[in-house]
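J.: Hey, dropping run03.pdb in here, PDB, N, CA and C atoms:
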MODEL        1
ATOM      1  N   MET V  19      36.891  49.105 212.625
ATOM      2  CA  MET V  19      38.146  48.517 213.064
ATOM      3  C   MET V  19      38.602  49.253 214.303
ATOM      4  N   ASN V  20      38.921  48.489 215.306
ATOM      5  CA  ASN V  20      39.407  49.047 216.561
ATOM      6  C   ASN V  20      40.901  49.324 216.421
ATOM      7  N   PRO V  21      41.336  50.589 216.552
ATOM      8  CA  PRO V  21      42.753  50.895 216.343
ATOM      9  C   PRO V  21      43.659  50.338 217.448
ATOM     10  N   VAL V  22      43.101  50.021 218.599
ATOM     11  CA  VAL V  22      43.931  49.545 219.706
ATOM     12  C   VAL V  22      44.409  48.110 219.471
ATOM     13  N   ASN V  23      43.484  47.199 219.199
ATOM     14  CA  ASN V  23      43.884  45.801 219.028
ATOM     15  C   ASN V  23      43.681  45.271 217.612
ATOM     16  N   GLY V  24      43.234  46.099 216.698
ATOM     17  CA  GLY V  24      43.098  45.700 215.301
ATOM     18  C   GLY V  24      41.939  44.786 215.004
ATOM     19  N   SER V  25      40.995  44.656 215.940
ATOM     20  CA  SER V  25      39.862  43.777 215.708
ATOM     21  C   SER V  25      38.627  44.590 215.361
ATOM     22  N   SER V  26      37.755  43.963 214.642
ATOM     23  CA  SER V  26      36.495  44.582 214.289
ATOM     24  C   SER V  26      35.494  44.329 215.401
ATOM     25  N   SER V  27      34.683  45.303 215.712
ATOM     26  CA  SER V  27      33.688  45.115 216.768
ATOM     27  C   SER V  27      32.561  44.202 216.295
ATOM     28  N   ARG V  28      32.433  44.049 215.004
ATOM     29  CA  ARG V  28      31.367  43.242 214.430
ATOM     30  C   ARG V  28      31.692  41.754 214.470
ATOM     31  N   ASN V  29      32.907  41.395 214.135
ATOM     32  CA  ASN V  29      33.282  39.984 214.077
ATOM     33  C   ASN V  29      34.667  39.817 214.689
ATOM     34  N   ASN V  30      34.716  39.499 215.968
ATOM     35  CA  ASN V  30      36.007  39.348 216.625
ATOM     36  C   ASN V  30      36.303  37.890 216.962
ATOM     37  N   THR V  31      35.869  36.987 216.089
ATOM     38  CA  THR V  31      36.135  35.564 216.271
ATOM     39  C   THR V  31      37.639  35.331 216.194
ATOM     40  N   ASN V  32      38.127  34.458 217.027
ATOM     41  CA  ASN V  32      39.547  34.146 217.066
ATOM     42  C   ASN V  32      40.021  33.662 215.701
ATOM     43  N   VAL V  33      41.118  34.231 215.215
ATOM     44  CA  VAL V  33      41.633  33.907 213.886
ATOM     45  C   VAL V  33      42.128  32.465 213.833
ATOM     46  N   LYS V  34      42.725  32.015 214.905
ATOM     47  CA  LYS V  34      43.215  30.631 214.919
ATOM     48  C   LYS V  34      42.063  29.632 214.909
ATOM     49  N   ALA V  35      40.907  30.037 215.419
ATOM     50  CA  ALA V  35      39.724  29.175 215.351
ATOM     51  C   ALA V  35      39.292  28.994 213.898
ATOM     52  N   ASN V  36      39.257  30.102 213.162
ATOM     53  CA  ASN V  36      38.903  30.018 211.741
ATOM     54  C   ASN V  36      39.931  29.205 210.961
ATOM     55  N   THR V  37      41.209  29.414 211.278
ATOM     56  CA  THR V  37      42.275  28.688 210.588
ATOM     57  C   THR V  37      42.191  27.195 210.886
ATOM     58  N   SER V  38      41.916  26.848 212.130
ATOM     59  CA  SER V  38      41.789  25.438 212.506
ATOM     60  C   SER V  38      40.639  24.776 211.756
ATOM     61  N   LEU V  39      39.511  25.453 211.680
ATOM     62  CA  LEU V  39      38.361  24.900 210.963
ATOM     63  C   LEU V  39      38.679  24.734 209.483
ATOM     64  N   LEU V  40      39.279  25.737 208.879
ATOM     65  CA  LEU V  40      39.626  25.665 207.459
ATOM     66  C   LEU V  40      40.597  24.518 207.190
ATOM     67  N   LEU V  41      41.642  24.419 208.006
ATOM     68  CA  LEU V  41      42.612  23.345 207.810
ATOM     69  C   LEU V  41      41.998  21.971 208.068
ATOM     70  N   GLY V  42      41.083  21.886 209.023
ATOM     71  CA  GLY V  42      40.410  20.621 209.282
ATOM     72  C   GLY V  42      39.587  20.161 208.101
ATOM     73  N   ILE V  43      38.840  21.078 207.511
ATOM     74  CA  ILE V  43      38.020  20.732 206.341
ATOM     75  C   ILE V  43      38.906  20.363 205.157
ATOM     76  N   VAL V  44      39.944  21.157 204.921
ATOM     77  CA  VAL V  44      40.860  20.885 203.809
ATOM     78  C   VAL V  44      41.559  19.541 204.012
ATOM     79  N   SER V  45      41.918  19.224 205.247
ATOM     80  CA  SER V  45      42.608  17.957 205.500
ATOM     81  C   SER V  45      41.711  16.753 205.223
ATOM     82  N   VAL V  46      40.430  16.856 205.550
ATOM     83  CA  VAL V  46      39.510  15.752 205.267
ATOM     84  C   VAL V  46      39.374  15.557 203.760
ATOM     85  N   VAL V  47      39.301  16.640 203.016
ATOM     86  CA  VAL V  47      39.184  16.542 201.558
ATOM     87  C   VAL V  47      40.478  15.977 200.964
ATOM     88  N   PHE V  48      41.619  16.489 201.427
ATOM     89  CA  PHE V  48      42.895  16.044 200.872
ATOM     90  C   PHE V  48      43.234  14.611 201.250
ATOM     91  N   VAL V  49      42.793  14.157 202.421
ATOM     92  CA  VAL V  49      43.135  12.801 202.835
ATOM     93  C   VAL V  49      42.507  11.771 201.901
ATOM     94  N   VAL V  50      41.435  12.140 201.236
ATOM     95  CA  VAL V  50      40.791  11.231 200.285
ATOM     96  C   VAL V  50      41.622  11.117 199.003
ATOM     97  N   PHE V  51      42.204  12.224 198.566
ATOM     98  CA  PHE V  51      42.914  12.239 197.288
ATOM     99  C   PHE V  51      44.431  12.098 197.448
ATOM    100  N   VAL V  52      45.004  12.871 198.351
ATOM    101  CA  VAL V  52      46.451  12.859 198.564
ATOM    102  C   VAL V  52      46.679  12.711 200.064
ATOM    103  N   THR V  53      46.836  11.484 200.522
ATOM    104  CA  THR V  53      46.837  11.177 201.951
ATOM    105  C   THR V  53      47.909  11.944 202.716
ATOM    106  N   LEU V  54      49.110  12.020 202.176
ATOM    107  CA  LEU V  54      50.202  12.666 202.896
ATOM    108  C   LEU V  54      49.912  14.143 203.150
ATOM    109  N   TYR V  55      49.396  14.841 202.142
ATOM    110  CA  TYR V  55      49.053  16.260 202.331
ATOM    111  C   TYR V  55      47.907  16.419 203.324
ATOM    112  N   GLY V  56      46.952  15.522 203.264
ATOM    113  CA  GLY V  56      45.827  15.587 204.191
ATOM    114  C   GLY V  56      46.266  15.452 205.637
ATOM    115  N   VAL V  57      47.169  14.517 205.892
ATOM    116  CA  VAL V  57      47.673  14.325 207.251
ATOM    117  C   VAL V  57      48.495  15.536 207.685
ATOM    118  N   ALA V  58      49.277  16.096 206.770
ATOM    119  CA  ALA V  58      50.069  17.286 207.107
ATOM    120  C   ALA V  58      49.152  18.468 207.467
ATOM    121  N   PHE V  59      48.117  18.688 206.669
ATOM    122  CA  PHE V  59      47.161  19.754 206.988
ATOM    123  C   PHE V  59      46.466  19.479 208.322
ATOM    124  N   ALA V  60      46.192  18.219 208.600
ATOM    125  CA  ALA V  60      45.518  17.861 209.848
ATOM    126  C   ALA V  60      46.392  18.165 211.060
ATOM    127  N   VAL V  61      47.658  17.853 210.976
ATOM    128  CA  VAL V  61      48.569  18.124 212.095
ATOM    129  C   VAL V  61      48.652  19.625 212.352
ATOM    130  N   VAL V  62      48.784  20.406 211.297
ATOM    131  CA  VAL V  62      48.832  21.866 211.449
ATOM    132  C   VAL V  62      47.496  22.380 211.990
ATOM    133  N   GLY V  63      46.391  21.796 211.543
ATOM    134  CA  GLY V  63      45.074  22.186 212.040
ATOM    135  C   GLY V  63      44.908  21.899 213.520
ATOM    136  N   ILE V  64      45.447  20.781 213.979
ATOM    137  CA  ILE V  64      45.382  20.458 215.407
ATOM    138  C   ILE V  64      46.210  21.445 216.216
ATOM    139  N   VAL V  65      47.381  21.800 215.723
ATOM    140  CA  VAL V  65      48.222  22.768 216.424
ATOM    141  C   VAL V  65      47.509  24.113 216.535
ATOM    142  N   PHE V  66      46.970  24.608 215.410
ATOM    143  CA  PHE V  66      46.233  25.874 215.444
ATOM    144  C   PHE V  66      45.019  25.771 216.363
ATOM    145  N   GLY V  67      44.350  24.640 216.353
ATOM    146  CA  GLY V  67      43.173  24.456 217.197
ATOM    147  C   GLY V  67      43.501  24.513 218.672
ATOM    148  N   LEU V  68      44.568  23.838 219.067
ATOM    149  CA  LEU V  68      44.947  23.840 220.480
ATOM    150  C   LEU V  68      45.402  25.226 220.938
ATOM    151  N   ILE V  69      46.159  25.913 220.088
ATOM    152  CA  ILE V  69      46.583  27.274 220.435
ATOM    153  C   ILE V  69      45.374  28.198 220.493
ATOM    154  N   GLY V  70      44.474  28.069 219.520
ATOM    155  CA  GLY V  70      43.271  28.903 219.503
ATOM    156  C   GLY V  70      42.377  28.650 220.704
ATOM    157  N   LEU V  71      42.245  27.399 221.106
ATOM    158  CA  LEU V  71      41.426  27.060 222.271
ATOM    159  C   LEU V  71      42.005  27.682 223.540
ATOM    160  N   LYS V  72      43.313  27.675 223.653
ATOM    161  CA  LYS V  72      43.967  28.286 224.804
ATOM    162  C   LYS V  72      43.738  29.803 224.808
ATOM    163  N   GLU V  73      43.865  30.438 223.630
ATOM    164  CA  GLU V  73      43.634  31.880 223.541
ATOM    165  C   GLU V  73      42.189  32.232 223.881
ATOM    166  N   ILE V  74      41.251  31.423 223.409
ATOM    167  CA  ILE V  74      39.834  31.693 223.667
ATOM    168  C   ILE V  74      39.532  31.588 225.160
ATOM    169  N   ARG V  75      40.153  30.623 225.820
ATOM    170  CA  ARG V  75      39.955  30.507 227.266
ATOM    171  C   ARG V  75      40.446  31.739 228.013
ATOM    172  N   HIS V  76      41.583  32.276 227.576
ATOM    173  CA  HIS V  76      42.162  33.418 228.281
ATOM    174  C   HIS V  76      41.526  34.750 227.910
ATOM    175  N   THR V  77      41.110  34.923 226.656
ATOM    176  CA  THR V  77      40.584  36.216 226.216
ATOM    177  C   THR V  77      39.072  36.281 226.210
ATOM    178  N   GLY V  78      38.402  35.137 226.161
ATOM    179  CA  GLY V  78      36.948  35.136 226.106
ATOM    180  C   GLY V  78      36.387  35.434 224.728
ATOM    181  N   GLN V  79      37.217  35.376 223.698
ATOM    182  CA  GLN V  79      36.754  35.609 222.329
ATOM    183  C   GLN V  79      35.798  34.504 221.899
ATOM    184  N   PRO V  80      34.915  34.815 220.968
ATOM    185  CA  PRO V  80      34.078  33.748 220.401
ATOM    186  C   PRO V  80      34.890  32.882 219.440
ATOM    187  N   GLY V  81      34.394  31.696 219.169
ATOM    188  CA  GLY V  81      35.037  30.811 218.211
ATOM    189  C   GLY V  81      35.345  29.436 218.758
ATOM    190  N   ARG V  82      34.876  29.158 219.975
ATOM    191  CA  ARG V  82      35.153  27.854 220.580
ATOM    192  C   ARG V  82      34.565  26.713 219.743
ATOM    193  N   GLY V  83      33.379  26.900 219.220
ATOM    194  CA  GLY V  83      32.747  25.872 218.387
ATOM    195  C   GLY V  83      33.523  25.613 217.115
ATOM    196  N   ARG V  84      34.079  26.662 216.538
ATOM    197  CA  ARG V  84      34.879  26.488 215.329
ATOM    198  C   ARG V  84      36.162  25.719 215.625
ATOM    199  N   VAL V  85      36.768  26.014 216.769
ATOM    200  CA  VAL V  85      37.978  25.288 217.148
ATOM    201  C   VAL V  85      37.667  23.809 217.334
ATOM    202  N   ILE V  86      36.591  23.523 218.031
ATOM    203  CA  ILE V  86      36.228  22.125 218.277
ATOM    204  C   ILE V  86      35.923  21.408 216.961
ATOM    205  N   ALA V  87      35.213  22.069 216.064
ATOM    206  CA  ALA V  87      34.925  21.470 214.758
ATOM    207  C   ALA V  87      36.211  21.234 213.967
ATOM    208  N   GLY V  88      37.135  22.183 214.028
ATOM    209  CA  GLY V  88      38.421  22.020 213.347
ATOM    210  C   GLY V  88      39.229  20.885 213.924
ATOM    211  N   LEU V  89      39.221  20.750 215.256
ATOM    212  CA  LEU V  89      39.940  19.656 215.902
ATOM    213  C   LEU V  89      39.331  18.301 215.536
ATOM    214  N   ILE V  90      38.007  18.239 215.476
ATOM    215  CA  ILE V  90      37.342  16.988 215.108
ATOM    216  C   ILE V  90      37.673  16.604 213.667
ATOM    217  N   CYS V  91      37.576  17.563 212.744
ATOM    218  CA  CYS V  91      37.888  17.278 211.333
ATOM    219  C   CYS V  91      39.340  16.844 211.168
ATOM    220  N   SER V  92      40.246  17.537 211.846
ATOM    221  CA  SER V  92      41.664  17.184 211.741
ATOM    222  C   SER V  92      41.937  15.801 212.315
ATOM    223  N   THR V  93      41.293  15.481 213.426
ATOM    224  CA  THR V  93      41.470  14.162 214.025
ATOM    225  C   THR V  93      40.941  13.066 213.102
ATOM    226  N   VAL V  94      39.799  13.304 212.495
ATOM    227  CA  VAL V  94      39.236  12.333 211.548
ATOM    228  C   VAL V  94      40.178  12.131 210.370
ATOM    229  N   ALA V  95      40.802  13.221 209.918
ATOM    230  CA  ALA V  95      41.723  13.125 208.780
ATOM    231  C   ALA V  95      42.986  12.355 209.127
ATOM    232  N   ILE V  96      43.309  12.232 210.394
ATOM    233  CA  ILE V  96      44.456  11.422 210.798
ATOM    234  C   ILE V  96      44.029   9.980 211.055
ATOM    235  N   VAL V  97      42.847   9.786 211.603
ATOM    236  CA  VAL V  97      42.375   8.447 211.951
ATOM    237  C   VAL V  97      42.028   7.624 210.707
ATOM    238  N   ILE V  98      41.452   8.244 209.694
ATOM    239  CA  ILE V  98      41.031   7.513 208.483
ATOM    240  C   ILE V  98      42.201   6.783 207.816
ATOM    241  N   PRO V  99      43.319   7.449 207.518
ATOM    242  CA  PRO V  99      44.416   6.697 206.888
ATOM    243  C   PRO V  99      45.007   5.622 207.802
ATOM    244  N   LEU V 100      45.053   5.887 209.109
ATOM    245  CA  LEU V 100      45.556   4.876 210.028
ATOM    246  C   LEU V 100      44.651   3.640 210.047
ATOM    247  N   ALA V 101      43.356   3.870 210.068
ATOM    248  CA  ALA V 101      42.409   2.753 210.066
ATOM    249  C   ALA V 101      42.511   1.957 208.765
ATOM    250  N   ILE V 102      42.617   2.649 207.650
ATOM    251  CA  ILE V 102      42.751   1.960 206.359
ATOM    252  C   ILE V 102      44.042   1.154 206.320
ATOM    253  N   PHE V 103      45.129   1.740 206.824
ATOM    254  CA  PHE V 103      46.410   1.045 206.843
ATOM    255  C   PHE V 103      46.320  -0.246 207.663
ATOM    256  N   PHE V 104      45.772  -0.139 208.879
ATOM    257  CA  PHE V 104      45.699  -1.320 209.739
ATOM    258  C   PHE V 104      44.724  -2.356 209.201
ATOM    259  N   LEU V 105      43.641  -1.919 208.583
ATOM    260  CA  LEU V 105      42.703  -2.880 208.002
ATOM    261  C   LEU V 105      43.281  -3.554 206.766
ATOM    262  N   TYR V 106      44.007  -2.800 205.943
ATOM    263  CA  TYR V 106      44.555  -3.344 204.705
ATOM    264  C   TYR V 106      45.680  -4.334 204.986
ATOM    265  N   TYR V 107      46.578  -3.963 205.872
ATOM    266  CA  TYR V 107      47.734  -4.827 206.148
ATOM    267  C   TYR V 107      47.458  -5.840 207.242
ATOM    268  N   GLY V 108      46.333  -5.728 207.913
ATOM    269  CA  GLY V 108      45.960  -6.713 208.912
ATOM    270  C   GLY V 108      46.969  -6.844 210.033
ATOM    271  N   VAL V 109      47.421  -5.737 210.541
ATOM    272  CA  VAL V 109      48.410  -5.759 211.604
ATOM    273  C   VAL V 109      47.791  -6.405 212.824
ATOM    274  N   LYS V 110      48.460  -7.441 213.337
ATOM    275  CA  LYS V 110      47.950  -8.147 214.504
ATOM    276  C   LYS V 110      48.606  -7.606 215.751
ATOM    277  N   ILE V 111      47.773  -7.296 216.722
ATOM    278  CA  ILE V 111      48.275  -6.836 218.006
ATOM    279  C   ILE V 111      48.376  -8.058 218.914
ATOM    280  N   VAL V 112      49.532  -8.268 219.495
ATOM    281  CA  VAL V 112      49.791  -9.459 220.302
ATOM    282  C   VAL V 112      48.926  -9.547 221.491
TER
ENDMDL
END
Now that the file is in, can you turn its structure into structure tokens?

T.:
Amino acid sequence: MNPVNGSSSRNNTNVKANTSLLLGIVSVVFVVFVTLYGVAFAVVGIVFGLIGLKEIRHTGQPGRGRVIAGLICSTVAIVIPLAIFFLYYGVKIV
């Protein structure tokens, strides 16, 4: 453990990248069973992902792939219920 910045020299992956990935995966699972919770986790996952991506750009930390995967999972968890809603109710766009 590095006493200056509190990071380990072995694994210094951005924490928000890991959080974004975790929330993205959880949101996809929850959107199947409890749609409202899944969408809520997805929104928080997108926020963490965008903040983490910005930090990675500025600091050069590893974890960009995890952020992108988290953003993709979170986006899918938001798109799935919207697609089901529009397909089920047959909303017509003028």

J.: Would you compute the distance between atom N of Gly88 (chain V) and atom N of Leu100 (chain V)? Give it in Å to one decimal.

T.: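 Interatomic distance here is 18.8 Å.
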
J.: Where does the PyMOL selection byres ((chain V and resi 84) around 8) land in this file, that is, which residues does it pick, as JSON, numbers by chain?

T.: {"V": [34, 35, 36, 37, 38, 39, 40, 67, 80, 81, 82, 83, 85, 86, 87, 88, 89, 90]}

J.: Taking only C-alpha atoms into account, name the residue in V:Gly78, V:Ala95, V:Val65, V:Tyr107 that is nearest to Val49 (chain V).

T.: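 Using only C-alpha atoms, Val49 (chain V) sits closest to V:Ala95.
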
J.: Between CA of Lys72 (chain V) and CA of Leu54 (chain V), what is the spacing in Å?

T.: 27.6 Å

J.: Record the distance separating atom N of Leu41 (chain V) and atom C of Tyr106 (chain V), expressed in Å with one decimal.

T.: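 Interatomic distance here is 29.2 Å.
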
J.: Please evaluate the PyMOL selection byres (((chain V and resi 58 and name CA) around 10) and name CA) against the displayed coordinates and give the resulting residues as an mmCIF file with N, CA and C atoms, in the coordinates of the input.

T.:
data_model
loop_
_atom_site.group_PDB
_atom_site.id
_atom_site.type_symbol
_atom_site.label_atom_id
_atom_site.label_comp_id
_atom_site.auth_asym_id
_atom_site.auth_seq_id
_atom_site.Cartn_x
_atom_site.Cartn_y
_atom_site.Cartn_z
ATOM 1 N N LEU V 41 41.642 24.419 208.006
ATOM 2 C CA LEU V 41 42.612 23.345 207.810
ATOM 3 C C LEU V 41 41.998 21.971 208.068
ATOM 4 N N SER V 45 41.918 19.224 205.247
ATOM 5 C CA SER V 45 42.608 17.957 205.500
ATOM 6 C C SER V 45 41.711 16.753 205.223
ATOM 7 N N PHE V 48 41.619 16.489 201.427
ATOM 8 C CA PHE V 48 42.895 16.044 200.872
ATOM 9 C C PHE V 48 43.234 14.611 201.250
ATOM 10 N N VAL V 49 42.793 14.157 202.421
ATOM 11 C CA VAL V 49 43.135 12.801 202.835
ATOM 12 C C VAL V 49 42.507 11.771 201.901
ATOM 13 N N THR V 53 46.836 11.484 200.522
ATOM 14 C CA THR V 53 46.837 11.177 201.951
ATOM 15 C C THR V 53 47.909 11.944 202.716
ATOM 16 N N LEU V 54 49.110 12.020 202.176
ATOM 17 C CA LEU V 54 50.202 12.666 202.896
ATOM 18 C C LEU V 54 49.912 14.143 203.150
ATOM 19 N N TYR V 55 49.396 14.841 202.142
ATOM 20 C CA TYR V 55 49.053 16.260 202.331
ATOM 21 C C TYR V 55 47.907 16.419 203.324
ATOM 22 N N GLY V 56 46.952 15.522 203.264
ATOM 23 C CA GLY V 56 45.827 15.587 204.191
ATOM 24 C C GLY V 56 46.266 15.452 205.637
ATOM 25 N N VAL V 57 47.169 14.517 205.892
ATOM 26 C CA VAL V 57 47.673 14.325 207.251
ATOM 27 C C VAL V 57 48.495 15.536 207.685
ATOM 28 N N PHE V 59 48.117 18.688 206.669
ATOM 29 C CA PHE V 59 47.161 19.754 206.988
ATOM 30 C C PHE V 59 46.466 19.479 208.322
ATOM 31 N N ALA V 60 46.192 18.219 208.600
ATOM 32 C CA ALA V 60 45.518 17.861 209.848
ATOM 33 C C ALA V 60 46.392 18.165 211.060
ATOM 34 N N VAL V 61 47.658 17.853 210.976
ATOM 35 C CA VAL V 61 48.569 18.124 212.095
ATOM 36 C C VAL V 61 48.652 19.625 212.352
ATOM 37 N N VAL V 62 48.784 20.406 211.297
ATOM 38 C CA VAL V 62 48.832 21.866 211.449
ATOM 39 C C VAL V 62 47.496 22.380 211.990
ATOM 40 N N GLY V 63 46.391 21.796 211.543
ATOM 41 C CA GLY V 63 45.074 22.186 212.040
ATOM 42 C C GLY V 63 44.908 21.899 213.520
ATOM 43 N N SER V 92 40.246 17.537 211.846
ATOM 44 C CA SER V 92 41.664 17.184 211.741
ATOM 45 C C SER V 92 41.937 15.801 212.315
ATOM 46 N N ALA V 95 40.802 13.221 209.918
ATOM 47 C CA ALA V 95 41.723 13.125 208.780
ATOM 48 C C ALA V 95 42.986 12.355 209.127
ATOM 49 N N ILE V 96 43.309 12.232 210.394
ATOM 50 C CA ILE V 96 44.456 11.422 210.798
ATOM 51 C C ILE V 96 44.029 9.980 211.055
#

J.: Can you work out which one of V:Phe104, V:Leu71, V:Val97, V:Cys91 has the shortest atom-to-atom distance to Val44 (chain V), counting only N, CA and C atoms?

T.: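 The answer is V:Cys91, which sits nearest to Val44 (chain V).
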
J.: Give the centre and edge lengths of an axis-aligned box, in Å to one decimal, that holds all listed atoms of region 62-70 of chain V with 8 Å on each side, as lines of an AutoDock Vina configuration file.

T.:
center_x = 45.6
center_y = 24.7
center_z = 216.1
size_x = 22.5
size_y = 24.5
size_z = 25.6

J.: Just list the residues in chain V DSSP gives alpha helix (DSSP H) on the backbone, as an MDAnalysis selection string.

T.: chainID V and resid 33:51 53:77 82:107
